[in-house]
>>> print(open('my_file10.txt').read())   # compact mmCIF, C-alpha atoms and all ligand atoms
# COMPACT_ATOMS: atom_id res chain seq x y z
CA MET A 26 88.72 113.31 29.18
CA PRO A 27 87.07 110.06 28.19
CA SER A 28 88.33 106.77 29.56
CA TYR A 29 88.83 103.79 27.28
CA ASP A 30 88.47 100.07 27.70
CA ARG A 31 87.57 97.04 25.58
CA ARG A 32 83.89 97.93 25.64
CA THR A 33 84.57 101.40 24.22
CA ALA A 34 84.84 102.43 20.57
CA LEU A 35 86.47 105.64 19.40
CA LEU A 36 84.76 106.94 16.24
CA VAL A 37 86.98 109.25 14.22
CA VAL A 38 84.53 110.98 11.91
CA ASP A 39 85.50 112.15 8.40
CA VAL A 40 89.00 113.53 9.02
CA GLN A 41 89.62 113.81 5.28
CA ASN A 42 91.50 116.30 3.13
CA ASP A 43 88.43 118.11 1.80
CA PHE A 44 87.33 118.91 5.38
CA ALA A 45 90.65 119.10 7.24
CA ASP A 46 93.05 120.70 4.76
CA PRO A 47 92.74 124.48 4.27
CA SER A 48 92.76 123.90 0.51
CA GLY A 49 90.02 121.27 0.71
CA SER A 50 86.75 122.02 -1.10
CA LEU A 51 84.73 122.04 2.15
CA SER A 52 87.48 123.00 4.54
CA VAL A 53 86.33 123.43 8.14
CA ALA A 54 87.81 126.40 9.98
CA GLY A 55 90.09 125.24 12.79
CA ALA A 56 90.13 121.64 11.60
CA GLU A 57 93.91 121.46 11.56
CA THR A 58 94.09 122.54 15.20
CA ILE A 59 92.14 119.49 16.41
CA ILE A 60 94.31 116.84 14.74
CA GLY A 61 96.76 116.66 17.65
CA GLU A 62 93.92 116.00 20.10
CA ILE A 63 92.40 113.40 17.78
CA ASN A 64 95.74 111.61 17.50
CA ALA A 65 96.06 111.69 21.30
CA GLN A 66 92.62 110.06 21.63
CA ILE A 67 93.56 107.40 19.05
CA ALA A 68 96.72 106.62 21.05
CA LEU A 69 94.80 106.40 24.37
CA ALA A 70 92.11 104.21 22.82
CA THR A 71 94.63 101.88 21.19
CA ALA A 72 96.66 101.53 24.38
CA ALA A 73 93.51 100.58 26.32
CA GLY A 74 92.45 97.92 23.82
CA ALA A 75 89.43 99.94 22.67
CA THR A 76 88.08 99.65 19.13
CA VAL A 77 89.05 102.49 16.77
CA ILE A 78 86.89 103.15 13.72
CA LEU A 79 87.61 105.88 11.17
CA THR A 80 84.83 106.99 8.84
CA GLN A 81 85.16 108.48 5.38
CA ASP A 82 82.55 110.52 3.54
CA TRP A 83 82.80 108.68 0.20
CA HIS A 84 80.70 110.12 -2.59
CA PRO A 85 80.30 109.16 -6.24
CA PRO A 86 81.17 112.00 -8.68
CA GLU A 87 77.46 112.71 -9.08
CA THR A 88 75.07 112.70 -6.14
CA PRO A 89 72.10 114.85 -5.05
CA HIS A 90 74.30 115.64 -2.02
CA PHE A 91 76.22 118.10 -4.25
CA ALA A 92 74.97 121.56 -5.25
CA LYS A 93 75.66 120.84 -8.93
CA ASP A 94 73.24 117.89 -8.72
CA GLY A 95 70.52 119.61 -6.70
CA GLY A 96 71.94 119.46 -3.15
CA ILE A 97 73.62 122.07 -0.98
CA TRP A 98 77.31 121.14 -0.83
CA PRO A 99 80.30 121.94 -3.00
CA THR A 100 81.68 118.78 -4.58
CA HIS A 101 83.73 117.05 -1.85
CA CYS A 102 85.10 113.68 -0.81
CA VAL A 103 84.63 112.07 -4.20
CA ARG A 104 85.72 108.45 -3.84
CA GLU A 105 89.35 107.66 -4.69
CA THR A 106 90.33 111.35 -4.97
CA TRP A 107 92.75 113.41 -2.85
CA GLY A 108 89.83 115.15 -1.14
CA ALA A 109 88.39 111.86 0.10
CA ALA A 110 91.69 110.54 1.46
CA LEU A 111 92.28 110.58 5.20
CA TYR A 112 94.21 113.67 6.29
CA PRO A 113 97.88 112.61 6.28
CA ALA A 114 98.67 114.03 9.74
CA LEU A 115 96.01 111.75 11.21
CA ARG A 116 97.54 108.66 12.82
CA ALA A 117 94.95 106.51 11.15
CA ASP A 118 95.21 103.38 13.22
CA GLY A 119 91.92 101.52 13.01
CA ARG A 120 89.24 100.06 10.83
CA VAL A 121 87.93 102.33 8.05
CA LEU A 122 84.24 102.60 7.23
CA ARG A 123 83.10 104.44 4.10
CA LYS A 124 79.76 106.21 3.78
CA GLY A 125 77.66 107.45 0.87
CA GLU A 126 79.34 105.08 -1.56
CA ASP A 127 76.14 104.26 -3.42
CA GLY A 128 75.09 107.91 -3.74
CA SER A 129 73.09 107.79 -0.54
CA ASP A 130 72.76 110.94 1.50
CA GLY A 131 72.66 111.62 5.21
CA TYR A 132 75.32 112.40 7.76
CA SER A 133 75.23 109.82 10.53
CA ALA A 134 77.74 106.97 10.46
CA PHE A 135 74.87 104.72 11.59
CA SER A 136 72.41 105.38 8.77
CA VAL A 137 72.05 106.38 5.14
CA ARG A 138 69.17 108.04 3.34
CA ASP A 139 68.10 107.24 -0.20
CA PRO A 140 67.92 110.67 -1.85
CA GLY A 141 65.14 109.48 -4.18
CA SER A 142 62.74 107.77 -1.79
CA GLY A 143 63.96 109.39 1.43
CA GLU A 144 64.16 105.91 2.95
CA ILE A 145 66.60 105.50 5.87
CA ALA A 146 68.68 102.35 6.16
CA ALA A 147 71.20 101.22 8.77
CA THR A 148 74.91 100.99 7.95
CA VAL A 149 76.96 98.07 9.28
CA LEU A 150 78.26 100.14 12.18
CA ASP A 151 75.68 99.27 14.87
CA GLN A 152 75.96 95.54 14.16
CA LEU A 153 79.74 95.73 14.08
CA LEU A 154 79.83 97.47 17.47
CA ARG A 155 77.31 95.09 19.02
CA ASP A 156 79.28 92.09 17.78
CA ALA A 157 82.36 93.59 19.47
CA GLY A 158 80.49 94.07 22.76
CA ILE A 159 80.80 97.86 22.62
CA GLU A 160 78.78 99.85 25.15
CA LYS A 161 80.33 103.30 24.95
CA ILE A 162 81.25 105.44 21.98
CA VAL A 163 83.63 108.37 22.00
CA VAL A 164 83.14 110.71 19.03
CA VAL A 165 85.78 113.02 17.54
CA GLY A 166 86.26 114.56 14.08
CA LEU A 167 84.38 116.60 11.49
CA ALA A 168 82.07 118.27 11.28
CA THR A 169 80.38 119.10 14.62
CA ASP A 170 77.19 120.40 13.00
CA TYR A 171 76.73 117.53 10.49
CA CYS A 172 78.31 114.11 10.76
CA VAL A 173 79.43 114.44 14.40
CA VAL A 174 76.06 115.55 15.79
CA GLU A 175 74.04 113.05 13.73
CA THR A 176 76.35 110.19 14.64
CA ALA A 177 76.33 111.07 18.35
CA CYS A 178 72.54 111.43 18.47
CA ASP A 179 71.98 108.15 16.58
CA ALA A 180 74.36 106.39 18.99
CA ARG A 181 72.32 107.66 21.96
CA MET A 182 69.11 106.56 20.26
CA LEU A 183 70.62 103.09 19.78
CA GLY A 184 71.38 102.91 23.49
CA TYR A 185 75.11 103.58 23.64
CA THR A 186 76.77 105.75 26.23
CA VAL A 187 78.23 108.65 24.22
CA GLU A 188 81.06 111.02 24.94
CA VAL A 189 82.24 113.77 22.61
CA VAL A 190 85.65 115.42 22.97
CA ARG A 191 85.08 119.11 22.51
CA ASP A 192 88.70 119.93 21.63
CA ALA A 193 88.64 117.23 18.96
CA ILE A 194 85.66 118.47 16.90
CA ALA A 195 85.14 121.51 14.62
CA ALA A 196 82.06 122.95 12.91
CA VAL A 197 81.25 124.06 9.36
CA ASP A 198 79.06 126.88 10.78
CA LEU A 199 77.17 127.61 7.54
CA GLN A 200 75.10 129.77 9.89
CA ALA A 201 76.91 131.33 12.84
CA GLY A 202 76.18 129.28 15.95
CA ASP A 203 75.48 125.96 14.17
CA GLY A 204 78.35 124.29 16.05
CA GLU A 205 77.11 125.52 19.42
CA ARG A 206 73.56 124.43 18.62
CA ALA A 207 74.87 121.00 17.64
CA ILE A 208 76.60 120.71 21.03
CA THR A 209 73.32 121.59 22.77
CA ARG A 210 71.51 118.94 20.68
CA MET A 211 74.08 116.31 21.64
CA ARG A 212 73.77 117.19 25.33
CA ASP A 213 69.96 117.13 25.11
CA ALA A 214 70.22 113.65 23.57
CA GLY A 215 72.20 112.50 26.60
CA ALA A 216 75.72 112.69 25.22
CA GLU A 217 78.46 114.02 27.44
CA VAL A 218 80.47 116.76 25.74
CA LEU A 219 83.81 116.84 27.51
C1 LIG B 301 79.80 116.35 6.14
C2 LIG B 301 78.86 118.07 4.96
C3 LIG B 301 78.71 117.26 3.87
C4 LIG B 301 80.45 115.88 7.40
C5 LIG B 301 79.66 115.53 5.04
O1 LIG B 301 81.25 114.94 7.34
O2 LIG B 301 80.16 116.47 8.47
N1 LIG B 301 79.39 117.62 6.09
N2 LIG B 301 79.13 116.00 3.91
ZN ZN B 302 79.37 114.75 2.15
>>> encode(input="my_file10.txt", output="structure tokens", more="lines below")
Ligand code: VGL
Ligand code: ZN
Amino acid sequence: MPSYDRRTALLVVDVQNDFADPSGSLSVAGAETIIGEINAQIALATAAGATVILTQDWHPPETPHFAKDGGIWPTHCVRETWGAALYPALRADGRVLRKGEDGSDGYSAFSVRDPGSGEIAATVLDQLLRDAGIEKIVVVGLATDYCVVETACDARMLGYTVEVVRDAIAAVDLQAGDGERAITRMRDAGAEVL
């Protein structure tokens, strides 16, 4: 299990209805079973004075991220809708950071990609963590093979110590084994998967 202190941030990635609820449009198998562990990590982090940040996938109604507009995903996490809301069983105690708001694509909480030009730009997250003196990031949430793996690998690239709680993540597994391959990628990038 990870340990928390004031130089640690817990990143709770995209625990939203469309991913976590079985009736969500991009529901992740087993997502409901990890909520208890995520809540336990939020409680531990809060008690230790660590920073807790919750991210939300936050799309406009039309974006090249969606299959209907040329992308690969069913319409999900459209801003201000039920699907984009944080899953109600989550003890959402922390600062919320929304991603994809302007129609940008990409999965990492640290960067966005302009779907037109392909240009990558940083989100506020790295600066926010640096300003708070954060050195270590613990990652939990959804989905292992998209936002979790990209966020964890970006965090390593940016120089943070990274820990991922295996019982607190779940994979989309569009292809069988995607989740396992994502775990291997995170380990190869220097993240500890606990
Ligand atoms: C995600 C697929 C599409 C994620 C977001 O949060 O992992 N996956 N959009
Ligand atoms: Zn999305």
>>> residues_near_ligand(input="my_file10.txt", ligand="ligand LIG 301 (chain B)", cutoff="7 Å", atoms="all atoms listed in the file", output="VMD selection string")
chain A and resid 38 to 39 82 98 132 167 to 173
>>> residues_near_ligand(input="my_file10.txt", ligand="ligand ZN 302 (chain B)", cutoff="9 Å", atoms="all atoms listed in the file", output="PyMOL selection string")
chain A and resi 82-84+90-91+98-103+124-125+130-132+172
>>> residues_around(input="my_file10.txt", residues="Ala117 of chain A", least_positions_apart="4", cutoff="10 Å", atoms="all atoms listed in the file", output="compact mmCIF listing (two decimals) with C-alpha atoms, in the frame of the given file")
# COMPACT_ATOMS: atom_id res chain seq x y z
CA VAL A 37 86.98 109.25 14.22
CA VAL A 40 89.00 113.53 9.02
CA ILE A 63 92.40 113.40 17.78
CA ASN A 64 95.74 111.61 17.50
CA ILE A 67 93.56 107.40 19.05
CA VAL A 77 89.05 102.49 16.77
CA ILE A 78 86.89 103.15 13.72
CA LEU A 79 87.61 105.88 11.17
CA LEU A 111 92.28 110.58 5.20
CA TYR A 112 94.21 113.67 6.29
CA PRO A 113 97.88 112.61 6.28
CA VAL A 121 87.93 102.33 8.05
>>> closest_residue(input="my_file10.txt", among="A:Gly166, A:Gly108, A:Gly95, A:Gly55", to="Ala193 of chain A", atoms="only C-alpha atoms")
A:Gly166
>>> atom_distance(input="my_file10.txt", atom1="atom CA of Thr176 of chain A", atom2="atom CA of Ser48 of chain A")
25.6 Å
>>> residues_around(input="my_file10.txt", residues="Val53 of chain A", least_positions_apart="5", cutoff="7 Å", atoms="only C-alpha atoms", output="NGL selection string")
:A and (44-45 or 195-197)
>>> atom_distance(input="my_file10.txt", atom1="atom CA of Arg181 of chain A", atom2="atom CA of Arg210 of chain A")
11.4 Å
>>> closest_residue(input="my_file10.txt", among="A:Pro47, A:Gly128, A:Gly74, A:Gly143", to="Glu87 of chain A", atoms="all atoms listed in the file")
A:Gly128
>>> closest_residue(input="my_file10.txt", among="A:Gly184, A:Gly204, A:Gly96, A:Pro140", to="Lys161 of chain A", atoms="all atoms listed in the file")
A:Gly184
>>> closest_residue(input="my_file10.txt", among="A:Leu122, A:Val187, A:Ile159, A:Ala92", to="Gly215 of chain A", atoms="all atoms listed in the file")
A:Val187
>>> residues_around(input="my_file10.txt", residues="Ile145 of chain A", least_positions_apart="4", cutoff="9 Å", atoms="all atoms listed in the file", output="ChimeraX atom specification")
/A:131,136-139
>>> decode(input="my_file10.txt", residues="segment 131-145 of chain A", atoms="all heavy atoms", output="mmCIF file, in the first residue's frame")
data_model
loop_
_atom_site.group_PDB
_atom_site.id
_atom_site.type_symbol
_atom_site.label_atom_id
_atom_site.label_comp_id
_atom_site.auth_asym_id
_atom_site.auth_seq_id
_atom_site.Cartn_x
_atom_site.Cartn_y
_atom_site.Cartn_z
ATOM 1 N N GLY A 131 -6.948 13.216 -26.100
ATOM 2 C CA GLY A 131 -5.833 12.760 -25.268
ATOM 3 C C GLY A 131 -6.346 12.259 -23.941
ATOM 4 O O GLY A 131 -7.459 12.586 -23.539
ATOM 5 N N TYR A 132 -5.537 11.484 -23.263
ATOM 6 C CA TYR A 132 -5.997 10.777 -22.073
ATOM 7 C C TYR A 132 -5.323 11.221 -20.784
ATOM 8 O O TYR A 132 -5.902 11.123 -19.719
ATOM 9 C CB TYR A 132 -5.782 9.272 -22.275
ATOM 10 C CG TYR A 132 -6.515 8.748 -23.486
ATOM 11 C CD1 TYR A 132 -5.834 8.364 -24.631
ATOM 12 C CD2 TYR A 132 -7.907 8.676 -23.485
ATOM 13 C CE1 TYR A 132 -6.512 7.898 -25.743
ATOM 14 C CE2 TYR A 132 -8.590 8.211 -24.600
ATOM 15 C CZ TYR A 132 -7.888 7.819 -25.721
ATOM 16 O OH TYR A 132 -8.565 7.367 -26.820
ATOM 17 N N SER A 133 -4.079 11.665 -20.876
ATOM 18 C CA SER A 133 -3.336 12.001 -19.664
ATOM 19 C C SER A 133 -3.924 13.222 -18.968
ATOM 20 O O SER A 133 -4.372 14.161 -19.625
ATOM 21 C CB SER A 133 -1.877 12.290 -20.026
ATOM 22 O OG SER A 133 -1.228 12.894 -18.943
ATOM 23 N N ALA A 134 -3.902 13.218 -17.659
ATOM 24 C CA ALA A 134 -4.343 14.387 -16.893
ATOM 25 C C ALA A 134 -3.332 15.524 -16.991
ATOM 26 O O ALA A 134 -3.618 16.644 -16.598
ATOM 27 C CB ALA A 134 -4.561 14.010 -15.430
ATOM 28 N N PHE A 135 -2.131 15.221 -17.526
ATOM 29 C CA PHE A 135 -1.084 16.236 -17.618
ATOM 30 C C PHE A 135 -1.055 16.956 -18.961
ATOM 31 O O PHE A 135 -0.387 17.974 -19.093
ATOM 32 C CB PHE A 135 0.292 15.600 -17.386
ATOM 33 C CG PHE A 135 0.543 15.228 -15.954
ATOM 34 C CD1 PHE A 135 0.352 13.927 -15.531
ATOM 35 C CD2 PHE A 135 0.958 16.180 -15.034
ATOM 36 C CE1 PHE A 135 0.582 13.566 -14.206
ATOM 37 C CE2 PHE A 135 1.192 15.832 -13.714
ATOM 38 C CZ PHE A 135 0.997 14.527 -13.297
ATOM 39 N N SER A 136 -1.720 16.393 -19.976
ATOM 40 C CA SER A 136 -1.601 17.007 -21.299
ATOM 41 C C SER A 136 -2.876 16.836 -22.117
ATOM 42 O O SER A 136 -3.653 15.907 -21.892
ATOM 43 C CB SER A 136 -0.424 16.382 -22.053
ATOM 44 O OG SER A 136 -0.620 14.993 -22.202
ATOM 45 N N VAL A 137 -3.066 17.726 -23.057
ATOM 46 C CA VAL A 137 -4.180 17.613 -23.999
ATOM 47 C C VAL A 137 -3.628 17.704 -25.413
ATOM 48 O O VAL A 137 -2.556 18.256 -25.648
ATOM 49 C CB VAL A 137 -5.234 18.732 -23.803
ATOM 50 C CG1 VAL A 137 -6.023 18.517 -22.528
ATOM 51 C CG2 VAL A 137 -4.595 20.103 -23.831
ATOM 52 N N ARG A 138 -4.387 17.147 -26.345
ATOM 53 C CA ARG A 138 -3.951 17.103 -27.737
ATOM 54 C C ARG A 138 -5.022 17.774 -28.581
ATOM 55 O O ARG A 138 -6.196 17.430 -28.475
ATOM 56 C CB ARG A 138 -3.803 15.636 -28.119
ATOM 57 C CG ARG A 138 -3.281 15.410 -29.495
ATOM 58 C CD ARG A 138 -3.223 13.907 -29.784
ATOM 59 N NE ARG A 138 -3.235 13.695 -31.217
ATOM 60 C CZ ARG A 138 -4.336 13.647 -31.968
ATOM 61 N NH1 ARG A 138 -5.513 13.742 -31.416
ATOM 62 N NH2 ARG A 138 -4.252 13.492 -33.270
ATOM 63 N N ASP A 139 -4.605 18.723 -29.398
ATOM 64 C CA ASP A 139 -5.540 19.368 -30.321
ATOM 65 C C ASP A 139 -5.854 18.364 -31.435
ATOM 66 O O ASP A 139 -4.955 17.956 -32.158
ATOM 67 C CB ASP A 139 -4.887 20.637 -30.891
ATOM 68 C CG ASP A 139 -5.844 21.405 -31.788
ATOM 69 O OD1 ASP A 139 -6.424 20.806 -32.727
ATOM 70 O OD2 ASP A 139 -6.021 22.608 -31.559
ATOM 71 N N PRO A 140 -7.131 17.979 -31.581
ATOM 72 C CA PRO A 140 -7.443 16.937 -32.562
ATOM 73 C C PRO A 140 -7.215 17.402 -34.004
ATOM 74 O O PRO A 140 -7.019 16.576 -34.891
ATOM 75 C CB PRO A 140 -8.918 16.618 -32.322
ATOM 76 C CG PRO A 140 -9.448 17.676 -31.424
ATOM 77 C CD PRO A 140 -8.309 18.471 -30.875
ATOM 78 N N GLY A 141 -7.216 18.708 -34.244
ATOM 79 C CA GLY A 141 -6.945 19.223 -35.577
ATOM 80 C C GLY A 141 -5.469 19.183 -35.900
ATOM 81 O O GLY A 141 -5.033 18.491 -36.813
ATOM 82 N N SER A 142 -4.668 19.881 -35.111
ATOM 83 C CA SER A 142 -3.235 20.029 -35.402
ATOM 84 C C SER A 142 -2.392 18.913 -34.808
ATOM 85 O O SER A 142 -1.239 18.721 -35.200
ATOM 86 C CB SER A 142 -2.752 21.369 -34.833
ATOM 87 O OG SER A 142 -2.796 21.334 -33.415
ATOM 88 N N GLY A 143 -2.947 18.181 -33.832
ATOM 89 C CA GLY A 143 -2.173 17.132 -33.171
ATOM 90 C C GLY A 143 -1.226 17.682 -32.113
ATOM 91 O O GLY A 143 -0.486 16.947 -31.472
ATOM 92 N N GLU A 144 -1.267 19.002 -31.929
ATOM 93 C CA GLU A 144 -0.374 19.650 -30.973
ATOM 94 C C GLU A 144 -0.703 19.250 -29.532
ATOM 95 O O GLU A 144 -1.866 19.182 -29.150
ATOM 96 C CB GLU A 144 -0.541 21.164 -31.116
ATOM 97 C CG GLU A 144 0.743 21.944 -30.983
ATOM 98 C CD GLU A 144 0.542 23.391 -31.420
ATOM 99 O OE1 GLU A 144 0.393 23.620 -32.641
ATOM 100 O OE2 GLU A 144 0.511 24.256 -30.543
ATOM 101 N N ILE A 145 0.346 19.005 -28.738
ATOM 102 C CA ILE A 145 0.170 18.612 -27.338
ATOM 103 C C ILE A 145 0.431 19.825 -26.444
ATOM 104 O O ILE A 145 1.406 20.546 -26.664
ATOM 105 C CB ILE A 145 1.168 17.496 -26.947
ATOM 106 C CG1 ILE A 145 1.156 16.359 -27.969
ATOM 107 C CG2 ILE A 145 0.933 17.005 -25.525
ATOM 108 C CD1 ILE A 145 0.146 15.295 -27.773
#
